[in-house]
Amino acid sequence: MTKIGFDLDGVFISGPPFIPKFLIEWLYKQRRNSLLYRFPGKLEQKIRVLSHIPIFRPAIKNNLLFFKKTRLSNMYLISSRFSFLKQRTADWDKKNNLFGYFKKCYFNEKDEQPHKFKDSIIKKEKIKKYIDDDLDLLLFLSKENPNIEFYWVGPSTGSGEVRGKPAASGTRQRWTRNLPNNIKQIKDLAEFFTKYV
């Protein structure tokens, strides 16, 4: 059976209210010569721990409910959340009861670069399909793993996450920017399970 990997934030967990995703990515991601995620200092870690209280990070209900209905045995969670968010992640799961649905859950407990951490787990587990909301990360993974299918959840209407010309489609935007052949844009997990599983 084909192994399927899922990111956590942006796939099952929504971002903090009133803070645009592009701003969060601007703060934590650098795109100079190569992809790099900034590890926050002690004060910023405390702020991020506060911002990850489950009430500020609600579940993306449609994705959560549709995922739980599938009951497949070949699904893996691969989250690159840094180690200082371990307790907040556990608190969120107590409220939403997600992690038990996966065959195995991987968390970035050694605080590796997120794209490299995910690449290593995808290779280790021989994942064949992987879903994430971070396009820059997926572009990196698609080059490193040309035979794997990647699915990009995003962007929400008006997020401004991707530089390119948007073409409106329903309540979300489809982007005319050319993606690699092994990355497909999806609006949610219902579309993924209906069309690609």
# chains A, B, ... in the order shown; residues from 1 in each chain; ligands from 1
$ residues_around --residues "stretch 43-50 of chain A" --least-positions-apart "5" --cutoff "8 Å" --atoms "only C-alpha atoms" --output "list in words"
Phe84, Leu85 and Arg88 of chain A
$ closest_residue --among "A:Asn97, A:Asn74, A:Thr194, A:Asn108" --to "A:Glu125" --atoms "only C-alpha atoms"
A:Asn74
$ residues_around --residues "A:Ile148" --least-positions-apart "6" --cutoff "10 Å" --atoms "only C-alpha atoms" --output "JSON, numbers by chain"
{"A": [122, 123, 126, 127, 128, 129, 130, 141, 142, 182, 183]}
$ residues_around --residues "A:Phe102" --least-positions-apart "4" --cutoff "9 Å" --atoms "only C-alpha atoms" --output "PyMOL selection string"
chain A and resi 72-77+98
$ closest_residue --among "A:Lys104, A:His52, A:Lys110, A:Lys116" --to "A:Gln87" --atoms "only C-alpha atoms"
A:His52
$ closest_residue --among "A:Leu189, A:Leu139, A:Ile13, A:Val197" --to "A:Arg81" --atoms "only C-alpha atoms"
A:Ile13
